[in-house]
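**Q** Okay, here's the structure, questions in a sec.
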Amino acid sequence: MDQLATLEYSLGELRGVVATLDDSQMDTVTNCEPWTVRRLTSHALNNQLLWAGLVTGRELVSAEDTMGAVPLEGDLAPVADEVVERAMALWRSEGVLAGVHPTPFGELPGSVVVNFATVDAIIHAWDLSASVGRPIEFEPDAVPAIAAVVEATCNDAARAAGLIQAPAEHAANASDTERLVAAAGRRTRR
């Protein structure tokens with residue numbers, strides 16, 4: 001999988017999880033405490049617009065709303081559909097991956113920034129699914145590409161910047177998915 005295919009897969013997982021959420025789960029506290037399912041979903045979707053906006057020079061959502069997990073109202077499934085379509089269209093814009101873009105962490109090539117959008121989408125998809133008792137498992141064909149993104153983003157520099165949590169322990173018999181989300185600081189079964 002190339003970088004855009006990996007992002008598209010990750011966004012597809014996020015979209016799929018959001019589509020399964022119902023109103024009775026929106027106030028459930030997630031593994032990203034104290035955020036509820038609605039707030040974490042709002043954060044995850046807005047993050048995609050934030051990253052895509054950074055690399056295309058557009059302010060699609062404020063960093064304050066995104067990082068504050070300001071809750072989006074109503075049915076979130078159509079919002080997820082719209083965000084995924086818009087984000088992918090922006091990431092496919094000519095020159096985005098090859099260009100250098102201003103970010104809160106300095107000037108970075110799009111080929112680096114896309115990894116943050118990807119890890120955010122896939123890990124928050126897992127967070128949401130696990131928080132409602134249905135943790136997803138990544139497709140075996142996608143695991144190598146996701147592992148490369150986790151390795152590139154879940155490192156000491158990203159932790160020092162406050163983007164990624166410290167790695168969590170996982171069971172000896174953990175699945176590939178559980179190992180990857182543990183590397184991103186998520187507690188899995190033990």
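How things are named: the first chain in the structure tokens is A, the next is B, and so on; residues count from 1 in each chain; ligands count from 1 in the order shown.
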Which neighbours of segment 32-34 of chain A fall inside 8 Å, counting only C-alpha atoms, when residues of the same chain fewer than 3 positions from it are skipped, and could you give them as a ChimeraX atom specification?
**A** /A:29,40,127
**Q** Just want the 12 Å neighbourhood of segment 156-162 of chain A, counted on only C-alpha atoms, with same-chain residues fewer than 6 positions away dropped. Output as a PyMOL selection string.
**A** chain A and resi 67+104-106+113+115-116+119+150+183-185
**Q** Export C-alpha atoms of the chosen residues as a JSON list (two decimals), in the first residue's frame?
**A**
[["chain", "number", "residue", "atom", "x", "y", "z"],
["A", 67, "MET", "CA", -8.05, 19.55, 20.20],
["A", 104, "PRO", "CA", 2.92, 23.31, 14.40],
["A", 105, "PHE", "CA", 6.16, 21.26, 14.39],
["A", 106, "GLY", "CA", 7.92, 23.24, 11.71],
["A", 113, "VAL", "CA", 2.41, 14.89, 7.55],
["A", 115, "ASN", "CA", 1.48, 9.71, 8.48],
["A", 116, "PHE", "CA", -0.01, 11.77, 11.32],
["A", 119, "VAL", "CA", -2.23, 7.11, 12.53],
["A", 150, "VAL", "CA", 3.07, 3.55, 13.61],
["A", 183, "ALA", "CA", 2.62, 1.00, 20.44],
["A", 184, "ALA", "CA", 0.36, 4.07, 20.19],
["A", 185, "GLY", "CA", -0.29, 3.94, 23.92]]
**Q** From a DSSP pass on the backbone, collect the residues of segment 39-82 of chain A flagged as alpha helix (DSSP H) and hand them back as a PyMOL selection string.
**A** chain A and resi 39-56+63-67+76-82
**Q** When you count only C-alpha atoms, which of these residues is closest to Leu54 of chain A: A:Asp176, A:Glu107, A:Asp75, A:Asp2?
**A** A:Glu107
**Q** Record the distance separating atom CA of Phe138 of chain A and atom CA of Glu94 of chain A, expressed in Å with one decimal.
**A** 29.2 Å
**Q** If you take only C-alpha atoms and a cut-off of 12 Å, which residues of segment 5-62 of chain A touch segment 69-73 of chain A, and what are their nearest atom pairs and distances in Å to one decimal, in chain and number order, as JSON lines?
**A**
{"residue": "A:Asp23", "atom": "CA", "partner": "A:Glu73", "partner_atom": "CA", "distance": 10.9}
{"residue": "A:Met26", "atom": "CA", "partner": "A:Pro71", "partner_atom": "CA", "distance": 10.1}
{"residue": "A:Asp27", "atom": "CA", "partner": "A:Pro71", "partner_atom": "CA", "distance": 10.9}
{"residue": "A:Cys32", "atom": "CA", "partner": "A:Ala69", "partner_atom": "CA", "distance": 10.9}
{"residue": "A:Glu33", "atom": "CA", "partner": "A:Ala69", "partner_atom": "CA", "distance": 11.5}
{"residue": "A:Pro34", "atom": "CA", "partner": "A:Ala69", "partner_atom": "CA", "distance": 10.5}
{"residue": "A:Trp35", "atom": "CA", "partner": "A:Ala69", "partner_atom": "CA", "distance": 7.7}
{"residue": "A:Thr36", "atom": "CA", "partner": "A:Pro71", "partner_atom": "CA", "distance": 9.2}
{"residue": "A:Val37", "atom": "CA", "partner": "A:Pro71", "partner_atom": "CA", "distance": 9.5}
{"residue": "A:Arg38", "atom": "CA", "partner": "A:Pro71", "partner_atom": "CA", "distance": 6.1}
{"residue": "A:Arg39", "atom": "CA", "partner": "A:Pro71", "partner_atom": "CA", "distance": 4.8}
{"residue": "A:Leu40", "atom": "CA", "partner": "A:Ala69", "partner_atom": "CA", "distance": 6.4}
{"residue": "A:Thr41", "atom": "CA", "partner": "A:Pro71", "partner_atom": "CA", "distance": 8.1}
{"residue": "A:Ser42", "atom": "CA", "partner": "A:Pro71", "partner_atom": "CA", "distance": 5.5}
{"residue": "A:His43", "atom": "CA", "partner": "A:Ala69", "partner_atom": "CA", "distance": 4.6}
{"residue": "A:Ala44", "atom": "CA", "partner": "A:Ala69", "partner_atom": "CA", "distance": 8.3}
{"residue": "A:Leu45", "atom": "CA", "partner": "A:Leu72", "partner_atom": "CA", "distance": 9.4}
{"residue": "A:Asn46", "atom": "CA", "partner": "A:Ala69", "partner_atom": "CA", "distance": 8.4}
{"residue": "A:Asn47", "atom": "CA", "partner": "A:Ala69", "partner_atom": "CA", "distance": 9.5}
{"residue": "A:Val61", "atom": "CA", "partner": "A:Val70", "partner_atom": "CA", "distance": 10.9}
{"residue": "A:Ser62", "atom": "CA", "partner": "A:Val70", "partner_atom": "CA", "distance": 10.3}
**Q** Just give me the gap between atom CA of Leu180 of chain A and atom CA of Gln48 of chain A in Å, one decimal is fine.
**A**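 Separation between atom CA of Leu180 of chain A and atom CA of Gln48 of chain A: 20.2 Å.
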**Q** Could you tell me which of A:Gly57, A:Pro78, A:Gly133, A:Gly68 comes closest to Asn31 of chain A if we count only C-alpha atoms?
**A**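 Under the stated criterion, the closest residue is A:Gly133.
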